[in-house]
file upload-v1.cif (mmCIF, C-alpha atoms)
data_start
loop_
_atom_site.label_atom_id
_atom_site.label_comp_id
_atom_site.auth_asym_id
_atom_site.auth_seq_id
_atom_site.Cartn_x
_atom_site.Cartn_y
_atom_site.Cartn_z
CA MET A 1 28.23 0.28 15.83
CA GLU A 2 24.70 1.45 16.51
CA LEU A 3 23.33 -0.64 13.66
CA SER A 4 24.45 -3.89 15.27
CA SER A 5 21.96 -3.59 18.11
CA TYR A 6 19.14 -2.99 15.63
CA VAL A 7 20.19 -6.03 13.59
CA ARG A 8 20.20 -8.27 16.66
CA ARG A 9 16.82 -7.02 17.83
CA TYR A 10 15.19 -7.50 14.43
CA GLU A 11 16.74 -10.93 13.91
CA ASN A 12 15.71 -12.12 17.36
CA GLU A 13 12.16 -10.90 16.86
CA LEU A 14 11.91 -12.69 13.54
CA VAL A 15 13.58 -15.98 14.43
CA ASP A 16 12.61 -16.36 18.09
CA ASN A 17 9.11 -14.88 18.15
CA VAL A 18 7.34 -14.24 14.84
CA ILE A 19 8.25 -17.33 12.81
CA PRO A 20 7.65 -19.76 15.73
CA PHE A 21 4.25 -18.17 16.43
CA TRP A 22 3.00 -18.86 12.91
CA GLU A 23 4.76 -22.20 12.60
CA GLU A 24 3.09 -23.44 15.76
CA HIS A 25 -0.41 -22.05 15.23
CA CYS A 26 -1.18 -21.51 11.53
CA VAL A 27 -0.80 -24.92 9.89
CA ASP A 28 -4.05 -26.84 9.36
CA LYS A 29 -2.73 -30.38 9.74
CA GLU A 30 -6.10 -31.96 9.01
CA TYR A 31 -7.21 -30.29 5.78
CA GLY A 32 -4.16 -28.36 4.57
CA GLY A 33 -3.62 -24.66 4.13
CA TYR A 34 -3.47 -22.32 7.07
CA PHE A 35 -5.40 -20.75 9.90
CA THR A 36 -4.92 -17.00 9.84
CA SER A 37 -7.58 -15.85 12.30
CA LEU A 38 -5.41 -16.19 15.38
CA ASP A 39 -6.12 -14.61 18.74
CA ARG A 40 -3.54 -13.01 20.98
CA ASP A 41 -2.20 -16.35 22.20
CA GLY A 42 -2.36 -18.03 18.80
CA SER A 43 -5.65 -19.85 19.34
CA VAL A 44 -7.89 -20.11 16.27
CA TYR A 45 -11.07 -18.03 16.39
CA ASP A 46 -12.26 -18.55 12.80
CA THR A 47 -11.40 -21.16 10.15
CA GLU A 48 -12.19 -19.19 6.96
CA LYS A 49 -9.23 -19.28 4.57
CA TYR A 50 -8.72 -15.97 2.81
CA MET A 51 -6.68 -16.35 -0.35
CA TRP A 52 -4.48 -13.27 0.10
CA MET A 53 -3.46 -14.47 3.55
CA GLN A 54 -2.93 -18.08 2.48
CA TRP A 55 -0.64 -17.31 -0.43
CA ARG A 56 1.31 -14.77 1.59
CA ILE A 57 2.17 -17.53 4.06
CA VAL A 58 3.37 -19.75 1.19
CA TYR A 59 5.55 -16.88 0.01
CA MET A 60 7.04 -16.10 3.42
CA PHE A 61 7.85 -19.67 4.44
CA ALA A 62 9.41 -20.38 1.02
CA THR A 63 11.40 -17.13 1.20
CA LEU A 64 12.58 -17.80 4.74
CA TYR A 65 13.58 -21.32 3.72
CA MET A 66 16.04 -19.67 1.32
CA SER A 67 17.36 -17.31 4.02
CA PRO A 68 20.36 -17.71 6.34
CA TYR A 69 17.88 -18.91 9.01
CA ARG A 70 16.81 -21.85 6.83
CA GLN A 71 14.87 -24.75 8.30
CA ASP A 72 13.82 -27.64 6.03
CA ARG A 73 10.38 -27.84 7.64
CA TRP A 74 9.58 -24.34 6.40
CA LEU A 75 9.59 -25.59 2.82
CA GLU A 76 7.25 -28.40 3.82
CA ILE A 77 4.87 -25.89 5.40
CA ALA A 78 4.92 -23.77 2.24
CA GLY A 79 4.53 -26.79 -0.03
CA GLN A 80 1.45 -28.19 1.66
CA GLY A 81 -0.18 -24.76 1.45
CA PHE A 82 0.58 -24.56 -2.26
CA ASP A 83 -0.95 -27.99 -2.83
CA PHE A 84 -4.13 -27.13 -0.90
CA LEU A 85 -4.60 -23.81 -2.65
CA THR A 86 -4.01 -25.05 -6.19
CA LYS A 87 -6.32 -28.03 -5.59
CA HIS A 88 -9.22 -26.07 -4.09
CA GLY A 89 -8.68 -22.37 -4.76
CA LYS A 90 -8.95 -21.95 -8.54
CA SER A 91 -12.16 -20.99 -10.31
CA GLU A 92 -13.23 -22.31 -13.70
CA ASP A 93 -11.28 -19.61 -15.55
CA GLY A 94 -8.06 -20.22 -13.61
CA THR A 95 -8.30 -17.19 -11.34
CA TYR A 96 -8.31 -17.57 -7.56
CA TYR A 97 -11.29 -17.27 -5.26
CA PHE A 98 -11.23 -14.68 -2.49
CA ALA A 99 -11.91 -17.21 0.27
CA LEU A 100 -12.49 -20.89 1.03
CA ASN A 101 -13.92 -22.67 4.03
CA ARG A 102 -11.69 -24.85 6.14
CA GLN A 103 -12.22 -27.89 3.93
CA GLY A 104 -11.45 -25.94 0.76
CA VAL A 105 -14.94 -25.25 -0.56
CA PRO A 106 -15.14 -21.74 -2.09
CA THR A 107 -17.03 -19.20 0.03
CA MET A 108 -16.30 -15.95 -1.83
CA ALA A 109 -16.09 -15.32 -5.58
CA PRO A 110 -12.82 -14.53 -7.42
CA SER A 111 -13.63 -10.83 -7.42
CA ASN A 112 -10.25 -9.51 -6.38
CA ILE A 113 -7.12 -9.65 -8.52
CA PHE A 114 -4.84 -9.58 -5.49
CA SER A 115 -5.65 -13.26 -4.97
CA ASP A 116 -3.87 -13.87 -8.28
CA CYS A 117 -1.06 -11.51 -7.31
CA PHE A 118 -0.16 -13.35 -4.14
CA ALA A 119 -0.61 -16.73 -5.83
CA ALA A 120 2.04 -15.61 -8.32
CA MET A 121 4.36 -14.50 -5.51
CA GLY A 122 3.94 -17.68 -3.51
CA ALA A 123 4.39 -19.99 -6.48
CA ALA A 124 7.40 -18.03 -7.73
CA ALA A 125 9.13 -18.33 -4.36
CA MET A 126 8.43 -22.07 -4.36
CA TYR A 127 10.05 -22.35 -7.79
CA LYS A 128 13.15 -20.48 -6.67
CA ALA A 129 13.38 -22.69 -3.58
CA THR A 130 12.97 -25.99 -5.42
CA GLY A 131 13.45 -25.56 -9.17
CA GLU A 132 10.33 -27.64 -9.81
CA ALA A 133 8.60 -26.70 -13.07
CA ARG A 134 5.06 -26.98 -11.68
CA TYR A 135 5.68 -23.99 -9.42
CA LYS A 136 6.92 -21.85 -12.32
CA GLN A 137 3.90 -22.85 -14.37
CA GLU A 138 1.55 -21.73 -11.61
CA ALA A 139 3.45 -18.49 -11.04
CA ASP A 140 3.26 -17.59 -14.73
CA SER A 141 -0.43 -18.47 -14.92
CA ALA A 142 -1.34 -16.33 -11.91
CA MET A 143 0.87 -13.45 -13.05
CA ARG A 144 -0.70 -13.41 -16.51
CA ASN A 145 -4.16 -13.44 -14.94
CA TYR A 146 -3.24 -10.46 -12.78
CA ILE A 147 -2.00 -8.44 -15.74
CA ARG A 148 -4.96 -9.47 -17.89
CA ARG A 149 -7.46 -8.36 -15.25
CA MET A 150 -5.96 -4.97 -14.41
CA ASP A 151 -8.21 -3.03 -16.79
CA ASN A 152 -11.34 -4.74 -15.39
CA PRO A 153 -10.29 -6.09 -12.00
CA LYS A 154 -13.62 -7.42 -10.74
CA GLY A 155 -14.93 -8.59 -14.09
CA ARG A 156 -18.45 -10.00 -13.86
CA TRP A 157 -18.34 -9.50 -10.09
CA GLU A 158 -18.26 -5.70 -10.44
CA LYS A 159 -21.07 -4.03 -8.45
CA ALA A 160 -20.55 -0.46 -9.65
CA MET A 161 -23.05 1.06 -12.05
CA PRO A 162 -22.27 3.30 -15.07
CA GLY A 163 -22.66 6.47 -12.99
CA LYS A 164 -19.61 5.66 -10.88
CA PRO A 165 -16.47 7.39 -12.20
CA LYS A 166 -13.73 5.16 -13.53
CA ARG A 167 -10.46 5.40 -11.61
CA LEU A 168 -6.96 4.09 -11.78
CA SER A 169 -5.97 2.46 -8.49
CA HIS A 170 -2.51 3.07 -7.05
CA GLY A 171 -2.66 -0.34 -5.37
CA HIS A 172 -2.91 -2.21 -8.66
CA PHE A 173 0.20 -0.54 -10.06
CA MET A 174 2.33 -0.52 -6.90
CA ILE A 175 1.70 -4.25 -6.46
CA LEU A 176 2.67 -4.92 -10.06
CA ALA A 177 5.87 -2.93 -9.58
CA ASN A 178 6.85 -5.30 -6.78
CA LEU A 179 5.38 -8.42 -8.34
CA GLY A 180 7.38 -7.90 -11.52
CA SER A 181 10.58 -7.68 -9.49
CA VAL A 182 9.67 -10.87 -7.62
CA MET A 183 8.99 -12.70 -10.89
CA LYS A 184 12.31 -11.58 -12.35
CA ASP A 185 14.21 -12.63 -9.23
CA CYS A 186 12.47 -15.95 -8.65
CA LEU A 187 11.79 -17.11 -12.21
CA GLY A 188 14.78 -15.52 -13.93
CA THR A 189 12.53 -14.22 -16.70
CA ASP A 190 12.29 -10.93 -18.56
CA GLU A 191 8.74 -11.64 -19.73
CA TYR A 192 7.24 -9.11 -17.35
CA ASP A 193 9.86 -6.37 -17.62
CA ALA A 194 7.75 -4.09 -19.80
CA GLU A 195 4.72 -4.38 -17.52
CA THR A 196 6.88 -3.74 -14.46
CA GLU A 197 8.37 -0.62 -16.04
CA ARG A 198 4.90 0.60 -17.01
CA ALA A 199 3.69 0.11 -13.45
CA VAL A 200 6.61 2.04 -11.94
CA ASN A 201 6.26 4.88 -14.41
CA THR A 202 2.50 5.04 -13.84
CA VAL A 203 2.95 5.31 -10.07
CA LEU A 204 5.46 8.12 -10.42
CA GLY A 205 3.83 9.81 -13.37
CA LYS A 206 0.12 9.68 -12.53
CA PHE A 207 -0.37 9.16 -8.79
CA TRP A 208 2.27 11.57 -7.47
CA ASN A 209 1.04 15.14 -7.17
CA GLU A 210 3.78 17.73 -6.87
CA GLU A 211 1.46 20.54 -5.78
CA HIS A 212 0.15 18.68 -2.73
CA ARG A 213 3.27 16.46 -2.39
CA VAL A 214 1.34 13.24 -1.85
CA LEU A 215 0.65 10.01 -3.71
CA PHE A 216 -3.06 9.78 -4.44
CA GLU A 217 -4.76 6.40 -4.20
CA ASN A 218 -7.28 7.04 -6.99
CA VAL A 219 -6.83 9.17 -10.09
CA ASN A 220 -8.79 9.69 -13.27
CA PRO A 221 -7.69 7.54 -16.22
CA ASP A 222 -6.05 10.56 -17.87
CA GLY A 223 -3.97 11.22 -14.75
CA THR A 224 -5.97 14.18 -13.51
CA PHE A 225 -7.04 14.47 -9.88
CA ASP A 226 -10.58 14.70 -8.52
CA LEU A 227 -10.64 16.96 -5.47
CA ASP A 228 -14.45 17.06 -5.33
CA SER A 229 -14.96 13.54 -3.93
CA CYS A 230 -13.75 11.57 -0.93
CA GLU A 231 -12.49 8.83 -3.24
CA GLY A 232 -10.53 11.32 -5.29
CA ARG A 233 -8.93 13.00 -2.25
CA PHE A 234 -8.08 9.70 -0.54
CA ILE A 235 -4.46 9.33 0.69
CA ASN A 236 -3.04 6.16 2.25
CA PRO A 237 0.43 7.10 3.59
CA GLY A 238 1.39 3.50 4.31
CA HIS A 239 0.60 2.43 0.76
CA GLY A 240 2.70 5.27 -0.58
CA LEU A 241 5.68 4.36 1.60
CA GLU A 242 5.44 0.70 0.62
CA SER A 243 5.21 1.72 -3.02
CA MET A 244 8.35 3.83 -2.78
CA TRP A 245 10.59 1.12 -1.39
CA PHE A 246 9.34 -1.08 -4.22
CA VAL A 247 10.35 1.69 -6.62
CA MET A 248 13.75 2.18 -4.98
CA ASN A 249 14.41 -1.56 -5.15
CA TYR A 250 13.50 -1.53 -8.84
CA ALA A 251 15.55 1.59 -9.54
CA GLU A 252 18.62 0.21 -7.78
CA HIS A 253 18.64 -2.82 -10.05
CA ARG A 254 18.27 -0.48 -13.02
CA LYS A 255 21.03 1.78 -11.63
CA ASP A 256 18.62 4.68 -12.09
CA GLN A 257 19.92 7.23 -9.62
CA ALA A 258 17.40 9.90 -10.61
CA MET A 259 14.51 7.54 -9.88
CA ILE A 260 16.02 6.65 -6.49
CA ARG A 261 16.29 10.31 -5.58
CA ARG A 262 12.74 10.96 -6.68
CA ALA A 263 11.33 8.02 -4.71
CA ALA A 264 13.28 9.04 -1.62
CA ASP A 265 11.89 12.56 -1.89
CA ILE A 266 8.37 11.12 -2.04
CA VAL A 267 9.12 9.11 1.11
CA LYS A 268 10.06 12.35 2.85
CA ALA A 269 6.90 14.08 1.63
CA LEU A 270 4.63 11.23 2.75
CA LEU A 271 6.23 11.09 6.18
CA GLU A 272 5.78 14.81 6.63
CA PHE A 273 2.15 14.57 5.50
CA GLY A 274 1.15 11.35 7.26
CA THR A 275 2.81 11.57 10.68
CA ASP A 276 0.62 12.28 13.71
CA ARG A 277 2.57 15.06 15.44
CA GLU A 278 0.50 14.89 18.60
CA TYR A 279 0.46 11.17 19.43
CA GLY A 280 3.14 9.81 17.11
CA GLY A 281 2.86 7.10 14.51
CA ILE A 282 1.41 7.27 11.02
CA TYR A 283 -2.24 7.82 10.18
CA TYR A 284 -4.08 5.06 8.36
CA PHE A 285 -6.22 7.11 5.94
CA MET A 286 -6.13 10.83 5.15
CA ASP A 287 -7.89 13.40 3.01
CA VAL A 288 -5.53 15.57 0.99
CA LEU A 289 -7.56 18.70 1.81
CA GLY A 290 -8.25 17.76 5.42
CA LYS A 291 -11.95 17.19 4.77
CA PRO A 292 -13.99 14.55 6.62
CA HIS A 293 -13.09 10.95 5.84
CA LEU A 294 -15.90 8.43 5.36
CA GLU A 295 -13.91 5.55 6.89
CA LEU A 296 -14.30 5.72 10.65
CA GLN A 297 -10.91 4.06 11.18
CA TRP A 298 -9.04 6.85 9.42
CA ASP A 299 -7.02 7.97 12.45
CA MET A 300 -6.12 4.49 13.69
CA LYS A 301 -2.53 3.26 13.71
CA LEU A 302 -2.05 -0.08 11.94
CA TRP A 303 0.95 -2.36 12.03
CA TRP A 304 1.62 -2.58 8.31
CA PRO A 305 2.07 1.14 7.45
CA HIS A 306 4.69 1.29 10.18
CA ASN A 307 6.38 -1.84 8.83
CA GLU A 308 6.51 -0.23 5.40
CA ALA A 309 7.76 3.08 6.81
CA ILE A 310 10.65 1.24 8.45
CA LEU A 311 11.64 -0.26 5.10
CA ALA A 312 11.12 2.93 3.12
CA THR A 313 13.38 4.91 5.44
CA LEU A 314 16.09 2.23 5.46
CA PHE A 315 16.12 1.97 1.67
CA ALA A 316 16.21 5.75 1.33
CA TYR A 317 18.99 6.12 3.89
CA ARG A 318 21.13 3.40 2.35
CA LEU A 319 20.69 4.66 -1.20
CA THR A 320 20.99 8.41 -0.62
CA GLY A 321 23.09 8.76 2.53
CA ASP A 322 20.74 11.50 3.75
CA GLY A 323 20.71 11.43 7.56
CA TYR A 324 17.09 12.61 7.57
CA TYR A 325 15.97 9.08 6.73
CA TRP A 326 18.04 7.51 9.50
CA GLU A 327 16.52 9.87 12.05
CA ARG A 328 13.02 9.09 10.79
CA PHE A 329 13.79 5.36 10.86
CA LYS A 330 14.79 5.62 14.53
CA GLU A 331 11.65 7.57 15.34
CA ILE A 332 9.32 5.08 13.60
CA ASP A 333 11.22 2.11 15.00
CA GLU A 334 10.91 3.41 18.56
CA TRP A 335 7.19 4.18 18.25
CA SER A 336 6.39 0.86 16.56
CA TRP A 337 8.21 -1.36 19.02
CA ALA A 338 6.77 0.53 21.97
CA HIS A 339 3.15 0.24 20.80
CA PHE A 340 2.68 -2.76 18.49
CA LYS A 341 4.88 -5.34 20.21
CA ASP A 342 3.00 -7.51 22.68
CA ALA A 343 4.99 -7.87 25.90
CA GLU A 344 3.19 -11.08 26.93
CA TYR A 345 2.77 -13.10 23.72
CA PRO A 346 4.68 -13.35 20.42
CA GLU A 347 3.72 -11.39 17.29
CA TRP A 348 2.53 -7.79 17.15
CA PHE A 349 -0.83 -6.18 17.66
CA ALA A 350 -2.43 -5.05 14.42
CA TYR A 351 -4.86 -2.28 15.34
CA LEU A 352 -4.27 0.65 17.67
CA ASN A 353 -6.32 3.76 18.29
CA ARG A 354 -4.84 7.16 17.58
CA ARG A 355 -3.15 7.27 20.99
CA GLY A 356 -1.41 3.96 20.30
CA GLU A 357 -3.57 1.72 22.50
CA PRO A 358 -4.63 -1.70 21.13
CA THR A 359 -8.24 -1.89 20.00
CA HIS A 360 -8.03 -5.59 19.08
CA MET A 361 -5.94 -8.32 20.68
CA LEU A 362 -5.85 -10.54 17.60
CA LYS A 363 -2.59 -11.44 15.85
CA GLY A 364 -4.10 -12.53 12.55
CA GLY A 365 -7.36 -12.31 10.67
CA LYS A 366 -8.92 -11.43 7.33
CA TRP A 367 -6.22 -8.84 6.62
CA LYS A 368 -3.28 -9.72 8.86
CA THR A 369 -1.15 -12.79 8.44
CA MET A 370 2.46 -13.92 8.32
CA PHE A 371 3.55 -11.30 5.82
CA HIS A 372 4.07 -7.60 6.52
CA LEU A 373 5.84 -8.01 9.86
CA PRO A 374 8.18 -10.91 9.00
CA ARG A 375 8.90 -9.36 5.59
CA CYS A 376 9.74 -6.10 7.35
CA LEU A 377 12.01 -7.73 9.92
CA TYR A 378 13.82 -9.85 7.34
CA THR A 379 14.21 -7.09 4.75
CA ALA A 380 15.24 -4.53 7.39
CA VAL A 381 18.01 -6.84 8.59
CA ASN A 382 19.25 -7.19 5.02
CA GLN A 383 19.22 -3.43 4.50
CA MET A 384 21.04 -2.75 7.76
CA LYS A 385 23.69 -5.36 6.97
CA LEU A 386 24.25 -3.70 3.60
CA ILE A 387 24.65 -0.36 5.34
CA GLU A 388 27.14 -1.91 7.76
CA ALA A 389 29.12 -3.51 4.94
CA ASN A 390 29.02 -0.79 2.30
CA GLY A 391 28.02 2.43 4.01
CA THR A 392 25.42 4.71 2.51
CA GLY A 393 25.06 7.06 -0.39
CA MET A 394 24.94 4.93 -3.53
CA VAL A 395 23.44 7.99 -5.19
CA LYS A 396 26.02 10.76 -5.61
#

call {"tool": "encode", "arguments": {"input": "upload-v1.cif", "output": "structure tokens"}}
result
Amino acid sequence: MELSSYVRRYENELVDNVIPFWEEHCVDKEYGGYFTSLDRDGSVYDTEKYMWMQWRIVYMFATLYMSPYRQDRWLEIAGQGFDFLTKHGKSEDGTYYFALNRQGVPTMAPSNIFSDCFAAMGAAAMYKATGEARYKQEADSAMRNYIRRMDNPKGRWEKAMPGKPKRLSHGHFMILANLGSVMKDCLGTDEYDAETERAVNTVLGKFWNEEHRVLFENVNPDGTFDLDSCEGRFINPGHGLESMWFVMNYAEHRKDQAMIRRAADIVKALLEFGTDREYGGIYYFMDVLGKPHLELQWDMKLWWPHNEAILATLFAYRLTGDGYYWERFKEIDEWSWAHFKDAEYPEWFAYLNRRGEPTHMLKGGKWKTMFHLPRCLYTAVNQMKLIEANGTGMVK
């Protein structure tokens, strides 16, 4: 079957290339935690420890420890990271700093709630892997901090003045939609069910715009759209695709077929809107009205939107049976493997120009770590195996 060759390729990339790259190069054996600023060959070019990246590594190694590819050392790698981060990374109010130096001294204030988000994910995965109560306690603490901070994410670190319009951020809600599912799976709790449902309904109810058929990144608190500012017109296709496979995963567990169909339709709309028809791949940032974008990197092709597009199309194909999604999966898969995969060293390039040529040789940094790619490879394999075993078209 055609799927079998995809499964083998994805498994081999994960087990033989991506995991060994990070296992060999990311562990700081002297101070604890991880190096994430890794050059093309895995050599360290900066020792700053960014909290998002650190906790994502904890999450991935703990998750992979529980996978069919299990290696006992992966839990040890995750555990030492957890210990370093909980010892050094927490501020006086229990929230997590944005960054530490190599030794663990804070270098950037706890101004970003995603540090708490990924702390919750990492700790929750450690609890599922071990059953140790201290991991559950940390996961609950970080999760509650994330929820508590959503209405005022930066708190006293906020730089905006009263003249800046207040917005709801798609990222805050899409992450909560996934985070709630992770907490339920790893902790076996229903404590966060209501918040998870609110997040999913907010994404679908406020950020989706039927007229333009896109998910906006920023909307007014009442759910209206601001088409007179760059911030208001801002579209991030990769974020939208990631958000929709989170929603489909949530809806499948709820057996909500209407929600699955709606999320799959949004995937289709975002792919039609965000695909570069001239050079291939998916744009990084877009303006819903095609007006100039302030970010100069708007037309670049980044690894993670393509990882998320792979997952969104596989979820949509498995759950709807619509061949459109399989054809789009094959198209995105072919483009991604042809342009992001490094033929000489393990791991994928992160940043390409519009034509698909690497602009940076690095394999990790402030924003790239052992997360999007291994999560994509592992989750894609699981989705393809489900398709092989059960076929497609759960939604009738």

call {"tool": "resolve_selection", "arguments": {"input": "upload-v1.cif", "expression": "the PyMOL selection byres ((chain A and resi 72-88) around 9)", "output": "PyMOL selection string"}}
result
chain A and resi 23+27+31-34+51+54-55+57-66+70-71+89-91+96+100+103-106+119+122-123+126+129-130+135+138

call {"tool": "write_last_selection", "arguments": {"input": "upload-v1.cif", "atoms": "C-alpha atoms", "output": "PDB file, in the coordinates of the input"}}
result
ATOM      1  CA  GLU A  23       4.760 -22.200  12.600  1.00  0.00           C
ATOM      2  CA  VAL A  27      -0.800 -24.920   9.890  1.00  0.00           C
ATOM      3  CA  TYR A  31      -7.210 -30.290   5.780  1.00  0.00           C
ATOM      4  CA  GLY A  32      -4.160 -28.360   4.570  1.00  0.00           C
ATOM      5  CA  GLY A  33      -3.620 -24.660   4.130  1.00  0.00           C
ATOM      6  CA  TYR A  34      -3.470 -22.320   7.070  1.00  0.00           C
ATOM      7  CA  MET A  51      -6.680 -16.350  -0.350  1.00  0.00           C
ATOM      8  CA  GLN A  54      -2.930 -18.080   2.480  1.00  0.00           C
ATOM      9  CA  TRP A  55      -0.640 -17.310  -0.430  1.00  0.00           C
ATOM     10  CA  ILE A  57       2.170 -17.530   4.060  1.00  0.00           C
ATOM     11  CA  VAL A  58       3.370 -19.750   1.190  1.00  0.00           C
ATOM     12  CA  TYR A  59       5.550 -16.880   0.010  1.00  0.00           C
ATOM     13  CA  MET A  60       7.040 -16.100   3.420  1.00  0.00           C
ATOM     14  CA  PHE A  61       7.850 -19.670   4.440  1.00  0.00           C
ATOM     15  CA  ALA A  62       9.410 -20.380   1.020  1.00  0.00           C
ATOM     16  CA  THR A  63      11.400 -17.130   1.200  1.00  0.00           C
ATOM     17  CA  LEU A  64      12.580 -17.800   4.740  1.00  0.00           C
ATOM     18  CA  TYR A  65      13.580 -21.320   3.720  1.00  0.00           C
ATOM     19  CA  MET A  66      16.040 -19.670   1.320  1.00  0.00           C
ATOM     20  CA  ARG A  70      16.810 -21.850   6.830  1.00  0.00           C
ATOM     21  CA  GLN A  71      14.870 -24.750   8.300  1.00  0.00           C
ATOM     22  CA  GLY A  89      -8.680 -22.370  -4.760  1.00  0.00           C
ATOM     23  CA  LYS A  90      -8.950 -21.950  -8.540  1.00  0.00           C
ATOM     24  CA  SER A  91     -12.160 -20.990 -10.310  1.00  0.00           C
ATOM     25  CA  TYR A  96      -8.310 -17.570  -7.560  1.00  0.00           C
ATOM     26  CA  LEU A 100     -12.490 -20.890   1.030  1.00  0.00           C
ATOM     27  CA  GLN A 103     -12.220 -27.890   3.930  1.00  0.00           C
ATOM     28  CA  GLY A 104     -11.450 -25.940   0.760  1.00  0.00           C
ATOM     29  CA  VAL A 105     -14.940 -25.250  -0.560  1.00  0.00           C
ATOM     30  CA  PRO A 106     -15.140 -21.740  -2.090  1.00  0.00           C
ATOM     31  CA  ALA A 119      -0.610 -16.730  -5.830  1.00  0.00           C
ATOM     32  CA  GLY A 122       3.940 -17.680  -3.510  1.00  0.00           C
ATOM     33  CA  ALA A 123       4.390 -19.990  -6.480  1.00  0.00           C
ATOM     34  CA  MET A 126       8.430 -22.070  -4.360  1.00  0.00           C
ATOM     35  CA  ALA A 129      13.380 -22.690  -3.580  1.00  0.00           C
ATOM     36  CA  THR A 130      12.970 -25.990  -5.420  1.00  0.00           C
ATOM     37  CA  TYR A 135       5.680 -23.990  -9.420  1.00  0.00           C
ATOM     38  CA  GLU A 138       1.550 -21.730 -11.610  1.00  0.00           C
TER      39      GLU A 138
END

call {"tool": "atom_distance", "arguments": {"input": "upload-v1.cif", "atom1": "CA of Gly223 (chain A)", "atom2": "CA of Gly205 (chain A)"}}
result
8.0 Å

call {"tool": "atom_distance", "arguments": {"input": "upload-v1.cif", "atom1": "CA of Trp298 (chain A)", "atom2": "CA of Tyr283 (chain A)"}}
result
6.9 Å

call {"tool": "resolve_selection", "arguments": {"input": "upload-v1.cif", "expression": "the PyMOL selection byres ((chain A and resi 124) around 7)", "output": "list in words"}}
result
Ala120, Met121, Gly122, Ala123, Ala125, Met126, Tyr127, Lys128, Tyr135, Lys136, Ala139, Met183, Cys186 and Leu187 of chain A

call {"tool": "resolve_selection", "arguments": {"input": "upload-v1.cif", "expression": "the PyMOL selection byres ((chain A and resi 376) around 9)", "output": "NGL selection string"}}
result
:A and (304 or 307-308 or 310-311 or 371-375 or 377-381)

call {"tool": "closest_residue", "arguments": {"input": "upload-v1.cif", "among": "A:Leu227, A:Met300, A:Met248, A:Met161", "to": "Met174 (chain A)", "atoms": "only C-alpha atoms"}}
result
A:Met248

call {"tool": "residues_around", "arguments": {"input": "upload-v1.cif", "residues": "Tyr146 (chain A)", "least_positions_apart": "5", "cutoff": "12 Å", "atoms": "all atoms listed in the file", "output": "NGL selection string"}}
result
:A and (94-96 or 110-121 or 139-141 or 151-155 or 172-173 or 175-176 or 179-180 or 192 or 195)

call {"tool": "build_atoms", "arguments": {"input": "upload-v1.cif", "residues": "region 311-323 of chain A", "atoms": "N, CA and C atoms", "output": "mmCIF file, in the frame of the given file"}}
result
data_model
loop_
_atom_site.group_PDB
_atom_site.id
_atom_site.type_symbol
_atom_site.label_atom_id
_atom_site.label_comp_id
_atom_site.auth_asym_id
_atom_site.auth_seq_id
_atom_site.Cartn_x
_atom_site.Cartn_y
_atom_site.Cartn_z
ATOM 1 N N LEU A 311 10.896 0.146 6.296
ATOM 2 C CA LEU A 311 11.640 -0.260 5.100
ATOM 3 C C LEU A 311 11.907 0.910 4.178
ATOM 4 N N ALA A 312 10.926 1.782 4.004
ATOM 5 C CA ALA A 312 11.120 2.930 3.120
ATOM 6 C C ALA A 312 12.251 3.828 3.608
ATOM 7 N N THR A 313 12.324 4.052 4.907
ATOM 8 C CA THR A 313 13.380 4.910 5.440
ATOM 9 C C THR A 313 14.753 4.239 5.351
ATOM 10 N N LEU A 314 14.808 2.925 5.564
ATOM 11 C CA LEU A 314 16.090 2.230 5.460
ATOM 12 C C LEU A 314 16.590 2.214 4.013
ATOM 13 N N PHE A 315 15.713 1.927 3.075
ATOM 14 C CA PHE A 315 16.120 1.970 1.670
ATOM 15 C C PHE A 315 16.613 3.369 1.298
ATOM 16 N N ALA A 316 15.844 4.374 1.695
ATOM 17 C CA ALA A 316 16.210 5.750 1.330
ATOM 18 C C ALA A 316 17.524 6.161 1.973
ATOM 19 N N TYR A 317 17.732 5.769 3.221
ATOM 20 C CA TYR A 317 18.990 6.120 3.890
ATOM 21 C C TYR A 317 20.170 5.425 3.231
ATOM 22 N N ARG A 318 20.018 4.135 2.958
ATOM 23 C CA ARG A 318 21.130 3.400 2.350
ATOM 24 C C ARG A 318 21.478 3.947 0.972
ATOM 25 N N LEU A 319 20.450 4.295 0.194
ATOM 26 C CA LEU A 319 20.690 4.660 -1.200
ATOM 27 C C LEU A 319 21.020 6.131 -1.405
ATOM 28 N N THR A 320 20.693 6.984 -0.453
ATOM 29 C CA THR A 320 20.990 8.410 -0.620
ATOM 30 C C THR A 320 22.035 8.920 0.362
ATOM 31 N N GLY A 321 22.166 8.267 1.517
ATOM 32 C CA GLY A 321 23.090 8.760 2.530
ATOM 33 C C GLY A 321 22.570 9.948 3.305
ATOM 34 N N ASP A 322 21.337 10.340 3.076
ATOM 35 C CA ASP A 322 20.740 11.500 3.750
ATOM 36 C C ASP A 322 20.353 11.101 5.176
ATOM 37 N N GLY A 323 20.955 11.753 6.161
ATOM 38 C CA GLY A 323 20.710 11.430 7.560
ATOM 39 C C GLY A 323 19.273 11.637 7.999
#
